[in-house]
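J.: Contents of upload27.tsv (TSV, C-alpha atoms):
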```tsv
chain	number	residue	atom	x	y	z
A	1	MET	CA	17.85	-10.25	1.37
A	2	LYS	CA	15.72	-10.83	-1.71
A	3	VAL	CA	12.61	-8.66	-1.64
A	4	LEU	CA	9.71	-8.32	-4.07
A	5	VAL	CA	7.96	-4.94	-4.02
A	6	VAL	CA	4.55	-5.08	-5.70
A	7	GLY	CA	3.50	-1.59	-6.76
A	8	ALA	CA	7.07	-0.29	-6.66
A	9	SER	CA	6.42	2.56	-9.09
A	10	GLY	CA	3.92	4.33	-6.82
A	11	PHE	CA	4.38	6.95	-4.12
A	12	ILE	CA	5.34	4.61	-1.28
A	13	GLY	CA	7.11	2.17	-3.58
A	14	ARG	CA	9.53	4.69	-5.01
A	15	ASN	CA	10.44	6.00	-1.59
A	16	LEU	CA	10.89	2.46	-0.29
A	17	LEU	CA	13.27	1.64	-3.14
A	18	LEU	CA	15.33	4.71	-2.26
A	19	GLY	CA	15.55	3.50	1.33
A	20	VAL	CA	16.35	-0.21	1.02
A	21	PRO	CA	20.01	-1.22	1.49
A	22	ARG	CA	21.96	-1.40	-1.76
A	23	SER	CA	23.11	-4.87	-0.76
A	24	TRP	CA	19.57	-6.25	-1.08
A	25	ASP	CA	18.35	-7.98	-4.22
A	26	VAL	CA	15.10	-6.17	-5.07
A	27	TYR	CA	12.43	-6.83	-7.69
A	28	GLY	CA	9.96	-4.00	-8.29
A	29	THR	CA	6.75	-4.41	-10.25
A	30	CYS	CA	5.33	-1.64	-12.40
A	31	ARG	CA	2.72	-0.96	-15.07
A	32	ASN	CA	4.85	1.47	-17.11
A	33	PRO	CA	8.37	0.05	-17.50
A	34	VAL	CA	9.70	3.02	-19.48
A	35	ASP	CA	8.88	5.60	-16.81
A	36	PHE	CA	9.94	3.27	-13.99
A	37	SER	CA	13.27	2.46	-15.65
A	38	ARG	CA	13.95	6.18	-15.97
A	39	PHE	CA	13.35	6.58	-12.25
A	40	LEU	CA	15.69	3.71	-11.39
A	41	SER	CA	18.39	5.10	-13.67
A	42	ALA	CA	18.03	8.67	-12.37
A	43	TYR	CA	18.63	7.53	-8.79
A	44	GLY	CA	21.24	4.88	-9.55
A	45	LEU	CA	19.11	2.02	-8.25
A	46	ASP	CA	20.96	-0.69	-10.15
A	47	HIS	CA	20.15	-3.23	-7.40
A	48	VAL	CA	16.46	-3.03	-8.35
A	49	ARG	CA	15.17	-5.16	-11.22
A	50	PRO	CA	12.00	-3.82	-12.87
A	51	LEU	CA	9.23	-6.29	-13.54
A	52	GLN	CA	6.32	-5.25	-15.76
A	53	LEU	CA	3.14	-6.71	-14.35
A	54	ASP	CA	-0.61	-6.29	-14.76
A	55	LEU	CA	-2.03	-7.83	-11.62
A	56	ARG	CA	-5.47	-8.12	-13.21
A	57	ASP	CA	-4.12	-10.76	-15.62
A	58	ALA	CA	-3.64	-14.03	-13.75
A	59	ALA	CA	-1.58	-15.66	-16.51
A	60	THR	CA	0.81	-12.71	-16.64
A	61	VAL	CA	1.19	-12.75	-12.87
A	62	GLU	CA	1.91	-16.48	-12.81
A	63	LYS	CA	4.56	-16.16	-15.53
A	64	ALA	CA	6.25	-13.17	-13.88
A	65	LEU	CA	6.43	-14.74	-10.43
A	66	ALA	CA	7.75	-17.99	-11.89
A	67	SER	CA	10.76	-16.01	-13.15
A	68	ILE	CA	11.73	-15.07	-9.59
A	69	SER	CA	13.23	-17.69	-7.32
A	70	ARG	CA	11.67	-17.72	-3.87
A	71	PRO	CA	11.90	-14.20	-2.33
A	72	ASP	CA	12.61	-13.76	1.37
A	73	ALA	CA	9.77	-11.26	1.67
A	74	CYS	CA	7.20	-9.34	-0.34
A	75	VAL	CA	5.88	-5.83	0.24
A	76	PHE	CA	2.46	-5.52	-1.41
A	77	LEU	CA	1.69	-1.85	-2.05
A	78	ALA	CA	-0.35	-1.95	-5.27
A	79	SER	CA	-3.80	-0.44	-4.88
A	80	ASP	CA	-6.39	1.68	-6.66
A	81	THR	CA	-6.97	4.54	-4.21
A	82	ALA	CA	-9.33	6.62	-6.37
A	83	VAL	CA	-12.11	6.29	-3.80
A	84	ARG	CA	-14.68	8.46	-5.58
A	85	ALA	CA	-14.40	6.36	-8.74
A	86	LEU	CA	-14.65	3.15	-6.71
A	87	VAL	CA	-17.78	4.39	-4.95
A	88	SER	CA	-19.31	5.34	-8.31
A	89	ASP	CA	-18.52	1.90	-9.74
A	90	PRO	CA	-17.80	-0.77	-7.10
A	91	ARG	CA	-16.85	-3.22	-9.85
A	92	LEU	CA	-13.60	-1.29	-10.18
A	93	ASP	CA	-12.88	-2.00	-6.53
A	94	VAL	CA	-13.35	-5.72	-7.08
A	95	THR	CA	-11.24	-5.76	-10.25
A	96	ASN	CA	-8.45	-3.42	-9.17
A	97	ASN	CA	-8.21	-4.14	-5.45
A	98	ILE	CA	-9.46	-7.67	-4.79
A	99	LEU	CA	-8.84	-9.63	-7.99
A	100	THR	CA	-5.31	-8.22	-8.15
A	101	VAL	CA	-4.50	-9.46	-4.65
A	102	ALA	CA	-6.05	-12.88	-5.30
A	103	ASN	CA	-4.16	-13.29	-8.59
A	104	PHE	CA	-0.89	-12.43	-6.89
A	105	LEU	CA	-1.35	-14.67	-3.86
A	106	LYS	CA	-2.39	-17.65	-6.00
A	107	SER	CA	1.02	-17.59	-7.73
A	108	TYR	CA	3.24	-16.35	-4.90
A	109	ARG	CA	5.54	-18.77	-3.12
A	110	GLY	CA	8.00	-17.20	-0.71
A	111	GLY	CA	8.65	-15.49	2.59
A	112	LYS	CA	6.30	-13.32	4.57
A	113	VAL	CA	3.99	-10.85	2.86
A	114	LEU	CA	3.81	-7.30	4.19
A	115	PHE	CA	0.39	-6.14	3.05
A	116	MET	CA	-0.30	-2.42	3.09
A	117	SER	CA	-3.90	-2.19	4.21
A	118	SER	CA	-5.57	1.03	5.33
A	119	GLY	CA	-7.06	2.71	8.36
A	120	ALA	CA	-10.13	3.03	6.13
A	121	VAL	CA	-11.16	-0.45	7.27
A	122	TYR	CA	-12.32	1.20	10.51
A	123	MET	CA	-14.88	3.36	8.69
A	124	GLY	CA	-18.31	2.89	10.22
A	125	LEU	CA	-16.95	2.48	13.75
A	126	GLU	CA	-17.07	5.11	16.48
A	127	GLY	CA	-14.69	5.78	19.35
A	128	LEU	CA	-11.26	4.22	19.80
A	129	VAL	CA	-10.25	1.56	17.30
A	130	SER	CA	-7.52	-1.07	17.23
A	131	PRO	CA	-6.63	-4.23	15.29
A	132	THR	CA	-8.88	-6.17	17.67
A	133	ALA	CA	-11.96	-4.17	16.66
A	134	ARG	CA	-14.79	-5.93	14.88
A	135	LEU	CA	-14.82	-4.38	11.41
A	136	ARG	CA	-17.73	-3.39	9.20
A	137	PRO	CA	-16.25	-1.14	6.48
A	138	THR	CA	-18.86	0.94	4.73
A	139	ILE	CA	-17.47	1.97	1.33
A	140	PRO	CA	-15.52	0.46	-1.57
A	141	TYR	CA	-11.74	0.61	-1.02
A	142	ALA	CA	-12.29	0.03	2.71
A	143	ILE	CA	-14.27	-3.09	1.85
A	144	SER	CA	-11.62	-4.38	-0.55
A	145	LYS	CA	-8.81	-3.68	1.91
A	146	TYR	CA	-10.52	-5.77	4.57
A	147	ALA	CA	-11.27	-8.54	2.09
A	148	SER	CA	-7.65	-8.50	0.96
A	149	GLU	CA	-6.45	-8.81	4.56
A	150	LEU	CA	-8.45	-12.02	4.83
A	151	TYR	CA	-7.02	-13.35	1.57
A	152	VAL	CA	-3.48	-12.62	2.76
A	153	GLN	CA	-4.16	-14.59	5.95
A	154	PHE	CA	-5.66	-17.39	3.86
A	155	ALA	CA	-2.50	-17.52	1.70
A	156	ALA	CA	-0.34	-17.87	4.79
A	157	GLU	CA	-2.56	-20.64	6.16
A	158	ARG	CA	-2.22	-22.47	2.83
A	159	GLY	CA	1.57	-22.17	2.97
A	160	TRP	CA	1.86	-19.97	-0.12
A	161	ALA	CA	3.56	-17.36	2.05
A	162	GLU	CA	5.57	-18.17	5.16
A	163	GLY	CA	3.55	-15.61	7.08
A	164	TYR	CA	2.12	-12.12	6.93
A	165	VAL	CA	2.20	-8.70	8.51
A	166	ILE	CA	-0.84	-6.53	7.80
A	167	LEU	CA	-0.20	-2.81	8.18
A	168	ARG	CA	-3.31	-0.65	8.51
A	169	PHE	CA	-1.80	2.52	7.10
A	170	PHE	CA	-3.14	5.96	8.00
A	171	GLY	CA	-1.28	7.92	5.33
A	172	ALA	CA	1.95	9.72	4.53
A	173	TYR	CA	3.19	12.77	2.67
A	174	GLY	CA	6.40	13.62	0.88
A	175	PRO	CA	8.23	13.22	-2.46
A	176	PHE	CA	6.36	11.50	-5.31
A	177	GLU	CA	2.99	11.94	-3.60
A	178	PRO	CA	0.20	12.09	-6.23
A	179	PRO	CA	-1.25	15.61	-6.73
A	180	ARG	CA	-4.77	14.35	-5.89
A	181	LYS	CA	-3.78	13.29	-2.35
A	182	ILE	CA	-5.11	15.46	0.44
A	183	THR	CA	-1.81	16.74	1.86
A	184	THR	CA	-0.56	17.85	-1.56
A	185	LYS	CA	-3.91	19.44	-2.43
A	186	LEU	CA	-3.99	21.22	0.91
A	187	VAL	CA	-0.52	22.71	0.41
A	188	GLN	CA	-1.39	23.75	-3.13
A	189	SER	CA	-4.59	25.42	-1.91
A	190	ALA	CA	-2.66	27.27	0.80
A	191	LEU	CA	-0.06	28.49	-1.70
A	192	ALA	CA	-2.87	29.66	-3.97
A	193	ARG	CA	-4.50	31.39	-0.97
A	194	ALA	CA	-7.76	29.58	-1.65
A	195	ARG	CA	-10.60	30.50	0.67
A	196	GLU	CA	-12.28	27.09	0.45
A	197	PHE	CA	-11.10	23.48	0.52
A	198	THR	CA	-13.42	20.61	-0.41
A	199	ILE	CA	-13.16	17.22	1.29
A	200	PHE	CA	-14.88	13.94	0.46
A	201	GLY	CA	-17.54	12.82	2.94
A	202	ASP	CA	-18.43	14.43	6.27
A	203	GLY	CA	-14.82	14.92	7.35
A	204	ARG	CA	-15.22	12.85	10.51
A	205	ASN	CA	-12.98	9.95	9.47
A	206	LEU	CA	-9.59	9.92	11.17
A	207	ILE	CA	-6.28	10.73	9.52
A	208	ASP	CA	-2.87	10.21	11.12
A	209	VAL	CA	-0.26	10.97	8.48
A	210	MET	CA	3.50	10.66	8.83
A	211	HIS	CA	6.38	11.76	6.62
A	212	ILE	CA	7.17	9.16	4.00
A	213	ASP	CA	10.71	8.74	5.39
A	214	ASP	CA	9.18	7.55	8.67
A	215	ALA	CA	6.90	5.17	6.78
A	216	VAL	CA	9.88	3.72	4.91
A	217	ALA	CA	11.81	3.32	8.16
A	218	GLY	CA	8.85	1.42	9.60
A	219	LEU	CA	8.60	-0.87	6.57
A	220	LEU	CA	12.30	-1.67	6.77
A	221	GLU	CA	11.97	-2.55	10.45
A	222	VAL	CA	9.13	-4.93	9.65
A	223	LEU	CA	11.14	-6.51	6.83
A	224	ARG	CA	14.09	-7.11	9.13
A	225	SER	CA	11.97	-8.46	11.98
A	226	ASP	CA	11.24	-12.16	12.46
A	227	ARG	CA	7.76	-11.39	13.79
A	228	MET	CA	4.85	-12.33	11.57
A	229	ASN	CA	1.20	-13.33	11.47
A	230	LEU	CA	-0.01	-10.11	13.04
A	231	THR	CA	-2.03	-7.02	12.17
A	232	VAL	CA	-0.94	-3.57	13.35
A	233	ASP	CA	-1.99	0.05	12.96
A	234	PHE	CA	0.72	1.91	11.03
A	235	CYS	CA	0.50	5.58	11.96
A	236	ALA	CA	2.25	8.50	13.67
A	237	GLY	CA	0.09	8.41	16.80
A	238	ASN	CA	-1.35	11.92	16.35
A	239	ALA	CA	-4.81	11.25	15.01
A	240	SER	CA	-7.26	13.97	13.98
A	241	ASP	CA	-10.33	13.96	11.81
A	242	LEU	CA	-10.25	15.48	8.33
A	243	ASN	CA	-12.07	18.60	9.45
A	244	GLU	CA	-9.44	19.30	12.12
A	245	PHE	CA	-6.59	18.40	9.77
A	246	THR	CA	-7.67	20.81	7.06
A	247	GLU	CA	-8.24	23.63	9.54
```
Just dump the structure as structure tokens.
T.:
Amino acid sequence: MKVLVVGASGFIGRNLLLGVPRSWDVYGTCRNPVDFSRFLSAYGLDHVRPLQLDLRDAATVEKALASISRPDACVFLASDTAVRALVSDPRLDVTNNILTVANFLKSYRGGKVLFMSSGAVYMGLEGLVSPTARLRPTIPYAISKYASELYVQFAAERGWAEGYVILRFFGAYGPFEPPRKITTKLVQSALARAREFTIFGDGRNLIDVMHIDDAVAGLLEVLRSDRMNLTVDFCAGNASDLNEFTE
């Protein structure tokens, strides 16, 4: 199987590359080819071909994708998750999370796209939620994720991608997780015996994290499956709000 992983140098991307079968032909996009190449070399991932790509530059994206013959599938992981910065300047959300997706989809021609969305799209709703819920996301990042979902569906309707699977991800923890992520910060605070832990917002939004190995296993199952053109919640099934989680 030929697979393109967009955002391969991030937390989920690196773990996914470690989990894909060595028999697969994998292309992984990155912003920093030196650091990414070191990672690939350190773990013996010689079946992965690094591809330097700035998704904000449409011409660069078009040229890079033209160099890859039609992939069987694409896993789109790239995202700016610095929510506080996006709230402070929503233009960053448009540039880093919507324009990037649109640039990619305009030049992509291949198999189904697995788009990593977020459970954040449910922000603003109360009670039980599901992929059939009527969404009204309330903050940048959640807004861009929902907009990107619609663009992914549009690309499939246009025939640019053979289909799509949208995964509304509720989070993971494990190796390569950025230090600013809540699970890492929580562990660090516990080790430091901190008496306080600060969270963003009112703490009522739901979190349902899984270990990254479970997330990778789920992604591989979706890649191998023939099912497409659907939206699913991607979580462990043990939801709690942030206040409960941090307690």
J.: Need to verify the contact set: segment 97-106 of chain A, 8 Å, all atoms listed in the file, exclusion of same-chain residues closer than 4 positions in sequence. Can you return it as a list in words?
T.: Leu55, Arg56, Asp57, Ala58, Val61, Glu62, Ser79, Asp80, Leu92, Asp93, Tyr141, Ser144, Lys145, Ala147, Ser148, Tyr151, Val152, Ala155 and Trp160 of chain A
J.: Take the residues just selected and output them with C-alpha atoms as a short mmCIF file (atom, residue, chain, number, x, y, z; two decimals), in the coordinates of the input.
T.:
```cif
data_model
loop_
_atom_site.label_atom_id
_atom_site.label_comp_id
_atom_site.auth_asym_id
_atom_site.auth_seq_id
_atom_site.Cartn_x
_atom_site.Cartn_y
_atom_site.Cartn_z
CA LEU A 55 -2.03 -7.83 -11.62
CA ARG A 56 -5.47 -8.12 -13.21
CA ASP A 57 -4.12 -10.76 -15.62
CA ALA A 58 -3.64 -14.03 -13.75
CA VAL A 61 1.19 -12.75 -12.87
CA GLU A 62 1.91 -16.48 -12.81
CA SER A 79 -3.80 -0.44 -4.88
CA ASP A 80 -6.39 1.68 -6.66
CA LEU A 92 -13.60 -1.29 -10.18
CA ASP A 93 -12.88 -2.00 -6.53
CA TYR A 141 -11.74 0.61 -1.02
CA SER A 144 -11.62 -4.38 -0.55
CA LYS A 145 -8.81 -3.68 1.91
CA ALA A 147 -11.27 -8.54 2.09
CA SER A 148 -7.65 -8.50 0.96
CA TYR A 151 -7.02 -13.35 1.57
CA VAL A 152 -3.48 -12.62 2.76
CA ALA A 155 -2.50 -17.52 1.70
CA TRP A 160 1.86 -19.97 -0.12
#
```
J.: Counting only C-alpha atoms, find the residues whose atoms lie at most 7 Å from (4.1, -6.9, 1.2) (file coordinates) and write them out as a CSV table (one decimal) with C-alpha atoms, in the frame of the given file.
T.:
```csv
chain,number,residue,atom,x,y,z
A,5,VAL,CA,8.0,-4.9,-4.0
A,74,CYS,CA,7.2,-9.3,-0.3
A,75,VAL,CA,5.9,-5.8,0.2
A,76,PHE,CA,2.5,-5.5,-1.4
A,77,LEU,CA,1.7,-1.8,-2.0
A,113,VAL,CA,4.0,-10.8,2.9
A,114,LEU,CA,3.8,-7.3,4.2
A,115,PHE,CA,0.4,-6.1,3.0
A,116,MET,CA,-0.3,-2.4,3.1
```
J.: State, in Å with one decimal place, the distance from atom CA of Tyr173 of chain A to atom CA of Asp46 of chain A.
T.: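 Going from atom CA of Tyr173 of chain A over to atom CA of Asp46 of chain A, I get 25.7 Å.
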J.: To one decimal place in Å, what is the distance between atom CA of Gly13 of chain A and atom CA of Ser88 of chain A?
T.: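 Separation of atom CA of Gly13 of chain A and atom CA of Ser88 of chain A: 27.0 Å.
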J.: List as a compact mmCIF listing (two decimals) with C-alpha atoms, in the frame of the given file the protein and nucleic acid residues near Arg22 of chain A, meaning an atom at most 12 Å away when all atoms listed in the file are counted, but skip any in the same chain fewer than 2 places from it.
T.:
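Below you can see selection16.txt, which holds the result:
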```
# COMPACT_ATOMS: atom_id res chain seq x y z
CA MET A 1 17.85 -10.25 1.37
CA LYS A 2 15.72 -10.83 -1.71
CA VAL A 3 12.61 -8.66 -1.64
CA LEU A 16 10.89 2.46 -0.29
CA LEU A 17 13.27 1.64 -3.14
CA LEU A 18 15.33 4.71 -2.26
CA GLY A 19 15.55 3.50 1.33
CA VAL A 20 16.35 -0.21 1.02
CA TRP A 24 19.57 -6.25 -1.08
CA ASP A 25 18.35 -7.98 -4.22
CA VAL A 26 15.10 -6.17 -5.07
CA TYR A 43 18.63 7.53 -8.79
CA GLY A 44 21.24 4.88 -9.55
CA LEU A 45 19.11 2.02 -8.25
CA ASP A 46 20.96 -0.69 -10.15
CA HIS A 47 20.15 -3.23 -7.40
CA VAL A 48 16.46 -3.03 -8.35
```
J.: Compare A:Leu65, A:Met228, A:Met123, A:Ala133 by their minimum atom-to-atom distance to Tyr108 of chain A, counting only C-alpha atoms, and give me the closest one.
T.: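 The answer is A:Leu65, which sits nearest to Tyr108 of chain A.
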J.: For each of A:Ser9, A:Thr81, A:Asn96, A:Ser23, take the minimum atom-to-atom distance to Pro50 of chain A, counting all atoms listed in the file, then give the residue where this is smallest.
T.: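 Counting all atoms listed in the file, the residue closest to Pro50 of chain A is A:Ser9.
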J.: Need the shell around Val209 of chain A: protein/DNA/RNA residues with any atom at most 6 Å away, counting only C-alpha atoms. Skip same-chain ones fewer than 5 positions apart. Format as a list of chain:residue names?
T.: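 Within the cut-off, the hits are A:Phe170, A:Gly171, A:Ala172.
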J.: Write the residues you've just listed into a file as a PDB file, in the coordinates of the input, and include C-alpha atoms for each of them.
T.:
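This went into again_29.pdb:
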```pdb
ATOM      1  CA  PHE A 170      -3.140   5.960   8.000  1.00  0.00           C
ATOM      2  CA  GLY A 171      -1.280   7.920   5.330  1.00  0.00           C
ATOM      3  CA  ALA A 172       1.950   9.720   4.530  1.00  0.00           C
TER       4      ALA A 172
END
```
J.: How far is it from atom CA of Val94 of chain A to atom CA of Gln52 of chain A, in Å with one decimal?
T.: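 Result for atom CA of Val94 of chain A versus atom CA of Gln52 of chain A: 21.5 Å, one decimal.
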J.: Using all atoms listed in the file, find all polymer residues with an atom at most 9 Å away from the point (-5.0, 2.9, 8.0); report them as a ChimeraX atom specification.
T.: /A:116-122,167-171,206-208,233-235
